[in-house]
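Coordinates from entry_29.cif are shown below (mmCIF, C-alpha atoms and all ligand atoms).
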data_coords
loop_
_atom_site.group_PDB
_atom_site.id
_atom_site.type_symbol
_atom_site.label_atom_id
_atom_site.label_comp_id
_atom_site.auth_asym_id
_atom_site.auth_seq_id
_atom_site.Cartn_x
_atom_site.Cartn_y
_atom_site.Cartn_z
ATOM 1 C CA MET E 27 126.773 68.910 87.405
ATOM 2 C CA THR E 28 127.246 72.606 88.139
ATOM 3 C CA THR E 29 125.331 73.852 91.178
ATOM 4 C CA ASN E 30 123.749 77.262 90.718
ATOM 5 C CA ILE E 31 122.345 79.252 93.615
ATOM 6 C CA VAL E 32 119.444 81.049 91.993
ATOM 7 C CA ASP E 33 117.516 80.655 95.230
ATOM 8 C CA VAL E 34 118.074 78.934 98.558
ATOM 9 C CA ASP E 35 116.232 75.779 97.517
ATOM 10 C CA ASP E 36 118.840 75.060 94.867
ATOM 11 C CA LEU E 37 120.523 73.516 97.917
ATOM 12 C CA THR E 38 119.028 70.493 99.625
ATOM 13 C CA GLY E 39 118.336 70.811 103.340
ATOM 14 C CA ASP E 40 121.524 68.868 104.100
ATOM 15 C CA GLN E 41 123.572 71.027 101.743
ATOM 16 C CA LEU E 42 122.188 74.192 103.355
ATOM 17 C CA HIS E 43 123.416 72.976 106.735
ATOM 18 C CA GLU E 44 126.803 72.024 105.227
ATOM 19 C CA VAL E 45 127.174 75.568 103.838
ATOM 20 C CA LEU E 46 126.234 77.130 107.190
ATOM 21 C CA ASP E 47 128.628 74.822 109.057
ATOM 22 C CA LEU E 48 131.449 75.674 106.680
ATOM 23 C CA ALA E 49 130.605 79.371 107.017
ATOM 24 C CA ALA E 50 130.835 79.136 110.808
ATOM 25 C CA GLU E 51 134.118 77.216 110.573
ATOM 26 C CA LEU E 52 135.684 79.754 108.186
ATOM 27 C CA LYS E 53 134.414 82.638 110.327
ATOM 28 C CA ALA E 54 135.982 81.167 113.448
ATOM 29 C CA ALA E 55 139.262 80.511 111.641
ATOM 30 C CA GLN E 56 139.338 84.023 110.193
ATOM 31 C CA ARG E 57 138.687 85.531 113.625
ATOM 32 C CA ALA E 58 141.401 83.399 115.183
ATOM 33 C CA GLY E 59 143.899 84.737 112.647
ATOM 34 C CA ASP E 60 144.054 81.351 110.951
ATOM 35 C CA GLY E 61 142.241 82.229 107.710
ATOM 36 C CA ARG E 62 141.968 79.396 105.166
ATOM 37 C CA LYS E 63 142.676 79.764 101.448
ATOM 38 C CA PRO E 64 140.451 77.200 99.705
ATOM 39 C CA LEU E 65 139.979 79.473 96.668
ATOM 40 C CA THR E 66 143.625 80.099 95.794
ATOM 41 C CA ASP E 67 143.901 81.120 92.120
ATOM 42 C CA ARG E 68 140.097 81.108 91.705
ATOM 43 C CA THR E 69 138.256 84.076 90.207
ATOM 44 C CA LEU E 70 134.738 85.341 90.868
ATOM 45 C CA ALA E 71 133.155 87.541 88.184
ATOM 46 C CA MET E 72 130.657 89.916 89.832
ATOM 47 C CA ILE E 73 128.009 91.372 87.515
ATOM 48 C CA PHE E 74 125.964 94.296 88.874
ATOM 49 C CA GLU E 75 122.964 95.878 87.121
ATOM 50 C CA LYS E 76 121.923 97.569 90.405
ATOM 51 C CA PRO E 77 123.947 99.340 93.113
ATOM 52 C CA SER E 78 125.266 97.503 96.169
ATOM 53 C CA THR E 79 127.319 98.107 99.281
ATOM 54 C CA ARG E 80 127.213 94.835 101.231
ATOM 55 C CA THR E 81 127.030 92.379 98.350
ATOM 56 C CA ARG E 82 129.909 93.907 96.455
ATOM 57 C CA VAL E 83 132.200 94.503 99.409
ATOM 58 C CA SER E 84 131.499 91.168 101.118
ATOM 59 C CA PHE E 85 132.033 89.063 97.990
ATOM 60 C CA GLU E 86 135.173 90.961 97.002
ATOM 61 C CA THR E 87 136.595 90.802 100.531
ATOM 62 C CA GLY E 88 135.619 87.149 100.808
ATOM 63 C CA MET E 89 137.501 86.208 97.658
ATOM 64 C CA THR E 90 140.588 87.984 98.994
ATOM 65 C CA GLN E 91 140.283 86.219 102.366
ATOM 66 C CA LEU E 92 139.919 82.820 100.708
ATOM 67 C CA GLY E 93 142.954 83.321 98.461
ATOM 68 C CA GLY E 94 141.139 84.166 95.222
ATOM 69 C CA HIS E 95 140.258 87.257 93.253
ATOM 70 C CA ALA E 96 137.024 89.076 92.338
ATOM 71 C CA ILE E 97 136.308 91.196 89.266
ATOM 72 C CA PHE E 98 133.684 93.949 89.564
ATOM 73 C CA LEU E 99 131.599 94.372 86.402
ATOM 74 C CA GLY E 100 129.167 97.299 86.695
ATOM 75 C CA PRO E 101 126.340 98.162 84.314
ATOM 76 C CA ASP E 102 128.607 100.198 82.035
ATOM 77 C CA ASP E 103 131.490 97.730 82.051
ATOM 78 C CA ILE E 104 130.116 94.805 80.074
ATOM 79 C CA HIS E 105 127.614 94.086 77.316
ATOM 80 C CA LEU E 106 125.156 92.096 79.462
ATOM 81 C CA GLY E 107 121.673 92.439 78.010
ATOM 82 C CA HIS E 108 122.589 95.378 75.789
ATOM 83 C CA GLY E 109 124.972 94.687 72.939
ATOM 84 C CA GLU E 110 125.219 90.992 73.780
ATOM 85 C CA PRO E 111 122.595 88.434 74.773
ATOM 86 C CA ILE E 112 122.860 87.127 78.331
ATOM 87 C CA LYS E 113 123.524 83.617 77.086
ATOM 88 C CA ASP E 114 126.662 84.811 75.256
ATOM 89 C CA THR E 115 127.968 86.674 78.314
ATOM 90 C CA ALA E 116 127.332 83.540 80.374
ATOM 91 C CA ARG E 117 129.366 81.303 78.080
ATOM 92 C CA ALA E 118 132.226 83.747 77.526
ATOM 93 C CA VAL E 119 132.679 84.655 81.214
ATOM 94 C CA SER E 120 132.551 80.942 82.109
ATOM 95 C CA ARG E 121 135.696 80.449 80.012
ATOM 96 C CA TYR E 122 137.621 82.818 82.335
ATOM 97 C CA ALA E 123 136.077 82.842 85.775
ATOM 98 C CA ASP E 124 135.441 79.982 88.214
ATOM 99 C CA PHE E 125 132.213 81.488 89.603
ATOM 100 C CA ILE E 126 129.754 84.159 88.483
ATOM 101 C CA MET E 127 127.777 86.245 90.945
ATOM 102 C CA ALA E 128 125.139 88.520 89.437
ATOM 103 C CA ARG E 129 122.732 91.175 90.696
ATOM 104 C CA VAL E 130 120.102 91.831 88.033
ATOM 105 C CA PHE E 131 116.579 93.223 87.843
ATOM 106 C CA ASP E 132 114.660 90.506 86.027
ATOM 107 C CA HIS E 133 114.757 87.125 87.754
ATOM 108 C CA ASP E 134 114.520 85.407 84.351
ATOM 109 C CA ASP E 135 117.907 86.916 83.514
ATOM 110 C CA ILE E 136 119.677 85.065 86.332
ATOM 111 C CA VAL E 137 117.859 81.893 85.323
ATOM 112 C CA GLU E 138 119.182 82.339 81.765
ATOM 113 C CA LEU E 139 122.671 83.161 83.027
ATOM 114 C CA ALA E 140 122.636 79.973 85.088
ATOM 115 C CA GLU E 141 121.307 77.930 82.202
ATOM 116 C CA TYR E 142 124.137 78.917 79.850
ATOM 117 C CA ALA E 143 127.067 79.374 82.253
ATOM 118 C CA THR E 144 129.311 76.372 82.754
ATOM 119 C CA VAL E 145 130.515 77.557 86.175
ATOM 120 C CA PRO E 146 128.358 78.077 89.281
ATOM 121 C CA VAL E 147 126.117 81.154 89.120
ATOM 122 C CA ILE E 148 125.180 82.814 92.421
ATOM 123 C CA ASN E 149 122.207 85.164 92.643
ATOM 124 C CA GLY E 150 123.330 88.415 94.281
ATOM 125 C CA LEU E 151 119.712 89.718 94.240
ATOM 126 C CA THR E 152 116.997 89.919 91.623
ATOM 127 C CA ASP E 153 113.563 91.519 91.805
ATOM 128 C CA ASP E 154 112.280 88.180 93.144
ATOM 129 C CA ALA E 155 114.977 86.633 95.335
ATOM 130 C CA HIS E 156 118.037 87.295 97.502
ATOM 131 C CA PRO E 157 119.407 83.908 98.603
ATOM 132 C CA CYS E 158 122.791 85.193 99.853
ATOM 133 C CA GLN E 159 120.946 87.454 102.274
ATOM 134 C CA THR E 160 118.978 84.479 103.552
ATOM 135 C CA LEU E 161 122.145 82.443 104.119
ATOM 136 C CA ALA E 162 123.525 85.313 106.228
ATOM 137 C CA ASP E 163 120.210 85.656 108.075
ATOM 138 C CA LEU E 164 120.115 81.951 108.902
ATOM 139 C CA LEU E 165 123.704 82.076 110.150
ATOM 140 C CA THR E 166 122.798 85.076 112.324
ATOM 141 C CA ILE E 167 119.708 83.399 113.776
ATOM 142 C CA ARG E 168 121.608 80.159 114.439
ATOM 143 C CA GLU E 169 124.384 82.032 116.234
ATOM 144 C CA ARG E 170 121.937 83.948 118.385
ATOM 145 C CA PHE E 171 119.425 81.206 119.181
ATOM 146 C CA GLY E 172 121.668 78.145 118.930
ATOM 147 C CA GLY E 173 119.383 76.767 116.204
ATOM 148 C CA PHE E 174 116.241 77.505 114.264
ATOM 149 C CA ASP E 175 113.566 76.807 116.854
ATOM 150 C CA THR E 176 112.297 80.386 116.608
ATOM 151 C CA ASP E 177 109.245 82.380 115.563
ATOM 152 C CA VAL E 178 109.999 85.150 113.101
ATOM 153 C CA ALA E 179 107.600 87.892 112.021
ATOM 154 C CA TRP E 180 108.282 89.489 108.654
ATOM 155 C CA VAL E 181 106.580 92.902 108.585
ATOM 156 C CA GLY E 182 106.530 94.928 105.368
ATOM 157 C CA ASP E 183 106.784 94.105 101.692
ATOM 158 C CA GLY E 184 106.623 90.503 100.475
ATOM 159 C CA ASN E 185 109.637 91.291 98.299
ATOM 160 C CA ASN E 186 112.836 89.571 97.101
ATOM 161 C CA VAL E 187 114.416 89.430 100.575
ATOM 162 C CA CYS E 188 111.178 88.182 102.116
ATOM 163 C CA GLN E 189 110.654 85.520 99.451
ATOM 164 C CA SER E 190 114.107 83.951 99.835
ATOM 165 C CA PHE E 191 113.692 84.090 103.616
ATOM 166 C CA VAL E 192 110.367 82.248 103.250
ATOM 167 C CA ILE E 193 112.224 79.452 101.444
ATOM 168 C CA GLY E 194 115.090 79.444 103.965
ATOM 169 C CA ALA E 195 112.623 79.363 106.860
ATOM 170 C CA ALA E 196 110.770 76.461 105.264
ATOM 171 C CA MET E 197 114.051 74.545 104.931
ATOM 172 C CA THR E 198 115.059 75.109 108.551
ATOM 173 C CA ASP E 199 111.613 74.811 110.171
ATOM 174 C CA ILE E 200 111.598 78.388 111.404
ATOM 175 C CA ASP E 201 108.021 79.416 112.227
ATOM 176 C CA LEU E 202 107.454 82.409 110.002
ATOM 177 C CA THR E 203 104.535 84.810 109.822
ATOM 178 C CA VAL E 204 104.522 87.276 106.939
ATOM 179 C CA ALA E 205 102.533 90.476 107.527
ATOM 180 C CA THR E 206 102.073 92.675 104.457
ATOM 181 C CA PRO E 207 99.451 95.117 103.242
ATOM 182 C CA GLU E 208 96.810 93.577 100.977
ATOM 183 C CA GLY E 209 98.306 93.005 97.536
ATOM 184 C CA TYR E 210 101.950 92.936 98.701
ATOM 185 C CA GLY E 211 102.188 89.315 99.801
ATOM 186 C CA ILE E 212 104.636 86.711 98.552
ATOM 187 C CA ALA E 213 104.204 85.182 95.096
ATOM 188 C CA GLY E 214 102.122 82.049 94.754
ATOM 189 C CA ASP E 215 105.027 79.955 93.480
ATOM 190 C CA VAL E 216 107.106 80.902 96.547
ATOM 191 C CA ARG E 217 104.236 79.867 98.826
ATOM 192 C CA ASP E 218 103.924 76.590 96.915
ATOM 193 C CA ARG E 219 107.653 75.861 97.117
ATOM 194 C CA ALA E 220 107.644 76.558 100.867
ATOM 195 C CA ALA E 221 104.631 74.253 101.271
ATOM 196 C CA GLU E 222 106.410 71.523 99.313
ATOM 197 C CA LEU E 223 109.369 71.947 101.650
ATOM 198 C CA GLY E 224 106.885 71.294 104.455
ATOM 199 C CA ASN E 225 106.576 74.711 106.078
ATOM 200 C CA ALA E 226 104.677 77.508 104.310
ATOM 201 C CA PRO E 227 104.485 80.760 106.319
ATOM 202 C CA GLU E 228 101.349 82.108 107.901
ATOM 203 C CA GLU E 229 100.206 85.198 106.065
ATOM 204 C CA THR E 230 98.326 88.152 107.511
ATOM 205 C CA THR E 231 97.676 91.851 106.924
ATOM 206 C CA ASP E 232 97.952 92.588 110.672
ATOM 207 C CA PRO E 233 101.522 93.520 111.701
ATOM 208 C CA ASP E 234 100.789 93.487 115.439
ATOM 209 C CA ALA E 235 99.268 90.015 115.305
ATOM 210 C CA ALA E 236 102.441 88.789 113.561
ATOM 211 C CA ILE E 237 104.745 90.498 116.075
ATOM 212 C CA GLU E 238 102.820 89.285 119.124
ATOM 213 C CA GLY E 239 103.997 85.687 118.881
ATOM 214 C CA ALA E 240 107.434 86.444 117.450
ATOM 215 C CA ASP E 241 110.947 86.027 118.885
ATOM 216 C CA ILE E 242 112.434 88.121 116.066
ATOM 217 C CA VAL E 243 110.987 90.821 113.817
ATOM 218 C CA TYR E 244 112.370 91.317 110.297
ATOM 219 C CA THR E 245 111.689 94.144 107.849
ATOM 220 C CA ASP E 246 113.061 95.594 104.619
ATOM 221 C CA VAL E 247 112.485 98.737 102.581
ATOM 222 C CA TRP E 248 109.050 99.410 101.149
ATOM 223 C CA VAL E 249 110.514 100.875 97.955
ATOM 224 C CA SER E 250 113.036 98.475 96.475
ATOM 225 C CA MET E 251 115.611 99.310 93.830
ATOM 226 C CA GLY E 252 113.815 99.831 90.531
ATOM 227 C CA GLN E 253 110.474 100.745 92.181
ATOM 228 C CA GLU E 254 111.181 104.456 92.624
ATOM 229 C CA ASP E 255 108.296 105.426 90.345
ATOM 230 C CA ARG E 256 105.878 103.573 92.696
ATOM 231 C CA ARG E 257 107.195 105.359 95.761
ATOM 232 C CA GLU E 258 104.209 107.596 96.573
ATOM 233 C CA GLN E 259 101.690 104.780 96.151
ATOM 234 C CA LYS E 260 103.755 102.359 98.231
ATOM 235 C CA LEU E 261 104.267 104.850 101.079
ATOM 236 C CA GLN E 262 100.483 105.210 101.249
ATOM 237 C CA ASP E 263 99.847 101.481 101.037
ATOM 238 C CA PHE E 264 102.376 100.657 103.798
ATOM 239 C CA ASP E 265 101.012 103.238 106.219
ATOM 240 C CA GLY E 266 100.688 101.431 109.584
ATOM 241 C CA PHE E 267 103.493 98.932 108.912
ATOM 242 C CA GLN E 268 106.446 100.911 110.332
ATOM 243 C CA LEU E 269 108.522 99.132 112.979
ATOM 244 C CA THR E 270 108.857 101.290 116.087
ATOM 245 C CA THR E 271 110.408 100.618 119.486
ATOM 246 C CA ASP E 272 106.954 100.550 121.091
ATOM 247 C CA ARG E 273 105.691 98.037 118.620
ATOM 248 C CA VAL E 274 108.530 95.493 118.765
ATOM 249 C CA GLY E 275 109.375 95.795 122.487
ATOM 250 C CA ASP E 276 112.635 94.017 123.330
ATOM 251 C CA ARG E 277 112.577 91.605 120.386
ATOM 252 C CA PRO E 278 115.671 91.447 118.175
ATOM 253 C CA VAL E 279 115.071 93.279 114.911
ATOM 254 C CA MET E 280 116.528 92.238 111.577
ATOM 255 C CA HIS E 281 116.926 94.307 108.407
ATOM 256 C CA CYS E 282 118.963 93.332 105.357
ATOM 257 C CA LEU E 283 119.965 96.992 104.818
ATOM 258 C CA PRO E 284 120.114 99.528 103.310
ATOM 259 C CA ALA E 285 117.341 100.942 105.534
ATOM 260 C CA HIS E 286 115.040 103.833 104.753
ATOM 261 C CA ARG E 287 114.824 105.329 108.243
ATOM 262 C CA GLY E 288 111.462 106.943 108.930
ATOM 263 C CA GLU E 289 109.735 104.623 106.467
ATOM 264 C CA GLU E 290 109.796 100.892 107.337
ATOM 265 C CA ILE E 291 111.765 101.453 110.578
ATOM 266 C CA THR E 292 112.384 104.350 112.936
ATOM 267 C CA ASP E 293 115.883 105.703 113.405
ATOM 268 C CA ASP E 294 115.875 105.018 117.170
ATOM 269 C CA LEU E 295 114.937 101.356 116.673
ATOM 270 C CA LEU E 296 117.624 100.831 114.054
ATOM 271 C CA GLU E 297 120.158 102.484 116.350
ATOM 272 C CA SER E 298 119.042 100.477 119.390
ATOM 273 C CA ASP E 299 120.734 97.394 120.826
ATOM 274 C CA ASN E 300 117.752 95.340 119.648
ATOM 275 C CA ALA E 301 118.812 95.801 116.034
ATOM 276 C CA ILE E 302 121.059 92.912 115.025
ATOM 277 C CA VAL E 303 121.553 94.338 111.564
ATOM 278 C CA TRP E 304 125.342 94.689 111.791
ATOM 279 C CA ASP E 305 125.708 91.003 112.653
ATOM 280 C CA GLN E 306 123.551 90.231 109.644
ATOM 281 C CA ALA E 307 125.683 92.492 107.452
ATOM 282 C CA GLU E 308 128.920 90.891 108.697
ATOM 283 C CA ASN E 309 127.500 87.445 108.154
ATOM 284 C CA ARG E 310 127.001 88.199 104.452
ATOM 285 C CA LEU E 311 130.783 87.811 104.248
ATOM 286 C CA HIS E 312 131.007 84.588 106.242
ATOM 287 C CA ALA E 313 127.926 82.934 104.736
ATOM 288 C CA GLN E 314 129.161 83.644 101.214
ATOM 289 C CA ASN E 315 132.653 82.432 102.102
ATOM 290 C CA GLY E 316 131.018 79.204 103.239
ATOM 291 C CA LEU E 317 129.023 79.009 100.026
ATOM 292 C CA LEU E 318 132.004 79.707 97.747
ATOM 293 C CA ALA E 319 134.217 77.208 99.579
ATOM 294 C CA TRP E 320 131.413 74.615 99.460
ATOM 295 C CA LEU E 321 130.905 75.176 95.718
ATOM 296 C CA ALA E 322 134.654 74.733 95.178
ATOM 297 C CA GLU E 323 134.863 71.424 97.069
HETATM 298 N N1 LIG E 401 121.589 93.606 101.831
HETATM 299 C C1 LIG E 401 122.182 93.885 100.657
HETATM 300 O O1 LIG E 401 122.166 93.096 99.704
HETATM 301 O O2 LIG E 401 122.812 95.081 100.629
HETATM 302 P P1 LIG E 401 123.474 95.787 99.351
HETATM 303 O O3 LIG E 401 122.346 96.231 98.455
HETATM 304 O O4 LIG E 401 124.246 96.925 99.928
HETATM 305 O O5 LIG E 401 124.333 94.800 98.645
HETATM 306 N N1 LIG E 402 114.402 94.824 98.739
HETATM 307 C C1 LIG E 402 115.609 95.589 98.576
HETATM 308 C C2 LIG E 402 116.777 94.826 99.097
HETATM 309 C C3 LIG E 402 118.108 95.495 98.968
HETATM 310 C C4 LIG E 402 119.231 94.638 99.480
HETATM 311 C C5 LIG E 402 115.807 95.956 97.122
HETATM 312 O O1 LIG E 402 115.577 95.086 96.263
HETATM 313 O O2 LIG E 402 116.151 97.092 96.833
#
Now that the file is in, can you turn its structure into structure tokens?
Ligand code: CP
Ligand code: NVA
Amino acid sequence: MTTNIVDVDDLTGDQLHEVLDLAAELKAAQRAGDGRKPLTDRTLAMIFEKPSTRTRVSFETGMTQLGGHAIFLGPDDIHLGHGEPIKDTARAVSRYADFIMARVFDHDDIVELAEYATVPVINGLTDDAHPCQTLADLLTIRERFGGFDTDVAWVGDGNNVCQSFVIGAAMTDIDLTVATPEGYGIAGDVRDRAAELGNAPEETTDPDAAIEGADIVYTDVWVSMGQEDRREQKLQDFDGFQLTTDRVGDRPVMHCLPAHRGEEITDDLLESDNAIVWDQAENRLHAQNGLLAWLAE
């Protein structure tokens, strides 16, 4: 049966650890100048409805490193959703490519893509989830802490990046506290899935209470792609949630990037040695290499 990665819990706990182990192995080999080519002659079709720096460049570079090839399909390049139903794109592209990665707005669209594709579909971000980011985040935390016995405070919007991290944290027993303004918490189904996995996050509207007991503080933009018309309202609603150097002290700070400096995080904090955001960004490449190689096994 084809494995799709619509969210992190499409993997079992054991499979998640296998992917992270493979990612670490491929990263070490690449760094030692002994890069492996498990995807020789394989093609990844990359569908983008939204812009991207990290996701596009890391997947494309990863396919090159692993011996395969990636095709970039931007919003004006294919008929996805306009001119052709998603289910037709899914079946046609599956006849050419070995994997499909897609970044779309509506989460239902990736679910439909996965339902009709006959090759693995990887979610490269939807309005509700960002599993590839979580894989990179888990790899980063494991490298830094030697495991997952950590307390993480998420401070900001209970958005796509947060929701996949909630699932990843539940699967690795990370102690997670999610601090959001009232009305911006995680979706009920995400909370339920995390609880079923045995580790739902604590939820609060007090950022300082969340940070107090944390080893790591994680944030993301307040205005996600596609929410530009809600910008003024969100800036008001998130007043008091900005991460500053004073607030986080010497805790490592994570951000999936891109960052909106002066909104969810100050420029000096993002530029400080406490920010481990470039390790996270690099690990998008290695985590996805691990995932692609695992899917190809
Ligand atoms: N973190 C992340 O997905 O970045 P991009 O939007 O640049 O791909
Ligand atoms: N929450 C952000 C993440 C970008 C990687 C967005 O959806 O725009």
(request) Collect all residues with atoms no farther than 6 Å from ligand LIG 401 (chain E), counting only C-alpha atoms and all ligand atoms, and output them as a list in words. (result) Ser78, Thr79, Arg80, Thr81, Cys282, Leu283 and Pro284 of chain E
For the residues in that selection, give me C-alpha atoms as a JSON list (two decimals), in the frame of the given file.
[["chain", "number", "residue", "atom", "x", "y", "z"],
["E", 78, "SER", "CA", 125.27, 97.50, 96.17],
["E", 79, "THR", "CA", 127.32, 98.11, 99.28],
["E", 80, "ARG", "CA", 127.21, 94.84, 101.23],
["E", 81, "THR", "CA", 127.03, 92.38, 98.35],
["E", 282, "CYS", "CA", 118.96, 93.33, 105.36],
["E", 283, "LEU", "CA", 119.96, 96.99, 104.82],
["E", 284, "PRO", "CA", 120.11, 99.53, 103.31]]
Could you produce a table of the residues of chain E lying within 8 Å of ligand LIG 402 (chain E), with the nearest pair of atoms per residue and their separation in Å rounded to one decimal, using all atoms listed in the file, ordered by chain and increasing residue number, as a Markdown table?
| residue | atom | partner | partner_atom | distance |
| --- | --- | --- | --- | --- |
| E:Ser78 | CA | E:LIG402 | C4 | 7.5 |
| E:Leu151 | CA | E:LIG402 | O1 | 7.1 |
| E:Thr152 | CA | E:LIG402 | O1 | 7.1 |
| E:Asp153 | CA | E:LIG402 | O1 | 6.1 |
| E:His156 | CA | E:LIG402 | C4 | 7.7 |
| E:Gln159 | CA | E:LIG402 | C4 | 7.9 |
| E:Asn185 | CA | E:LIG402 | N1 | 5.9 |
| E:Asn186 | CA | E:LIG402 | N1 | 5.7 |
| E:Val187 | CA | E:LIG402 | N1 | 5.7 |
| E:Asp246 | CA | E:LIG402 | N1 | 6.1 |
| E:Val247 | CA | E:LIG402 | N1 | 5.8 |
| E:Trp248 | CA | E:LIG402 | N1 | 7.4 |
| E:Val249 | CA | E:LIG402 | O2 | 6.9 |
| E:Ser250 | CA | E:LIG402 | O2 | 3.4 |
| E:Met251 | CA | E:LIG402 | O2 | 3.8 |
| E:Gly252 | CA | E:LIG402 | O2 | 7.3 |
| E:Cys282 | CA | E:LIG402 | C4 | 6.0 |
| E:Leu283 | CA | E:LIG402 | C4 | 5.9 |
| E:Pro284 | CA | E:LIG402 | C3 | 6.3 |
Where does the PyMOL selection byres (((chain E and resi 66) around 7) and not hetatm) land in this file, that is, which residues does it pick, as a short mmCIF file (atom, residue, chain, number, x, y, z; two decimals) with C-alpha atoms, in the frame of the given file?
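What follows is the written file selection03.cif:
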data_model
loop_
_atom_site.label_atom_id
_atom_site.label_comp_id
_atom_site.auth_asym_id
_atom_site.auth_seq_id
_atom_site.Cartn_x
_atom_site.Cartn_y
_atom_site.Cartn_z
CA LYS E 63 142.68 79.76 101.45
CA PRO E 64 140.45 77.20 99.70
CA LEU E 65 139.98 79.47 96.67
CA ASP E 67 143.90 81.12 92.12
CA ARG E 68 140.10 81.11 91.70
CA LEU E 92 139.92 82.82 100.71
CA GLY E 93 142.95 83.32 98.46
CA GLY E 94 141.14 84.17 95.22
#
(message) From the options E:Ile237, E:Asn300, E:Tyr142, E:Pro101, which residue's atoms come nearest to E:Arg121, counting all atoms listed in the file?
(response) E:Tyr142
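Counting from atom CA of E:Gly211, the distance to atom CA of E:Tyr244 is 14.8 Å.
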(request) Would you write out, as a PyMOL selection string, every residue that the PyMOL selection byres (((chain E and resi 42) around 12) and not hetatm) captures in this file? (result) chain E and resi 31+33-41+43-49+157-158+160-162+164-165+193-198+313-314+316-317+320-321
(message) Using all atoms listed in the file, list the residues that have an atom at most 10 Å from (100.3, 84.8, 106.2), coordinates as in the file, as an MDAnalysis selection string.
(response) chainID E and resid 179:180 202:206 211:212 217 226:232 236
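For the pair atom CA of E:Arg117 and atom CA of E:Pro77, the interatomic distance is 24.1 Å.
Separating atom CA of E:Glu208 from atom CA of E:Asp263 is a distance of 8.5 Å.
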(request) Might you pull out every residue within 8 Å of E:Thr28, with all atoms listed in the file counted and same-chain residues fewer than 4 positions away left off, and present them as number ranges by chain? (result) E: 144-146
Around all of stretch 202-221 of chain E's listed atoms, make the axis-aligned box with 8 Å on each side and tell me centre and edge lengths in Å to one decimal, as lines of an AutoDock Vina configuration file.
center_x = 102.2
center_y = 84.7
center_z = 101.7
size_x = 26.8
size_y = 36.9
size_z = 32.5
Run the PyMOL selection byres (((chain E and resi 128) around 9) and not hetatm) against the file shown and list the residues it catches, as a PDB file with C-alpha atoms, keeping the file's coordinate frame.
ATOM      1  CA  ALA E  71     133.155  87.541  88.184  1.00  0.00           C
ATOM      2  CA  MET E  72     130.657  89.916  89.832  1.00  0.00           C
ATOM      3  CA  ILE E  73     128.009  91.372  87.515  1.00  0.00           C
ATOM      4  CA  PHE E  74     125.964  94.296  88.874  1.00  0.00           C
ATOM      5  CA  GLU E  75     122.964  95.878  87.121  1.00  0.00           C
ATOM      6  CA  ILE E 126     129.754  84.159  88.483  1.00  0.00           C
ATOM      7  CA  MET E 127     127.777  86.245  90.945  1.00  0.00           C
ATOM      8  CA  ARG E 129     122.732  91.175  90.696  1.00  0.00           C
ATOM      9  CA  VAL E 130     120.102  91.831  88.033  1.00  0.00           C
ATOM     10  CA  ILE E 136     119.677  85.065  86.332  1.00  0.00           C
ATOM     11  CA  LEU E 139     122.671  83.161  83.027  1.00  0.00           C
ATOM     12  CA  VAL E 147     126.117  81.154  89.120  1.00  0.00           C
ATOM     13  CA  ILE E 148     125.180  82.814  92.421  1.00  0.00           C
ATOM     14  CA  ASN E 149     122.207  85.164  92.643  1.00  0.00           C
ATOM     15  CA  GLY E 150     123.330  88.415  94.281  1.00  0.00           C
ATOM     16  CA  LEU E 151     119.712  89.718  94.240  1.00  0.00           C
ATOM     17  CA  THR E 152     116.997  89.919  91.623  1.00  0.00           C
TER      18      THR E 152
END
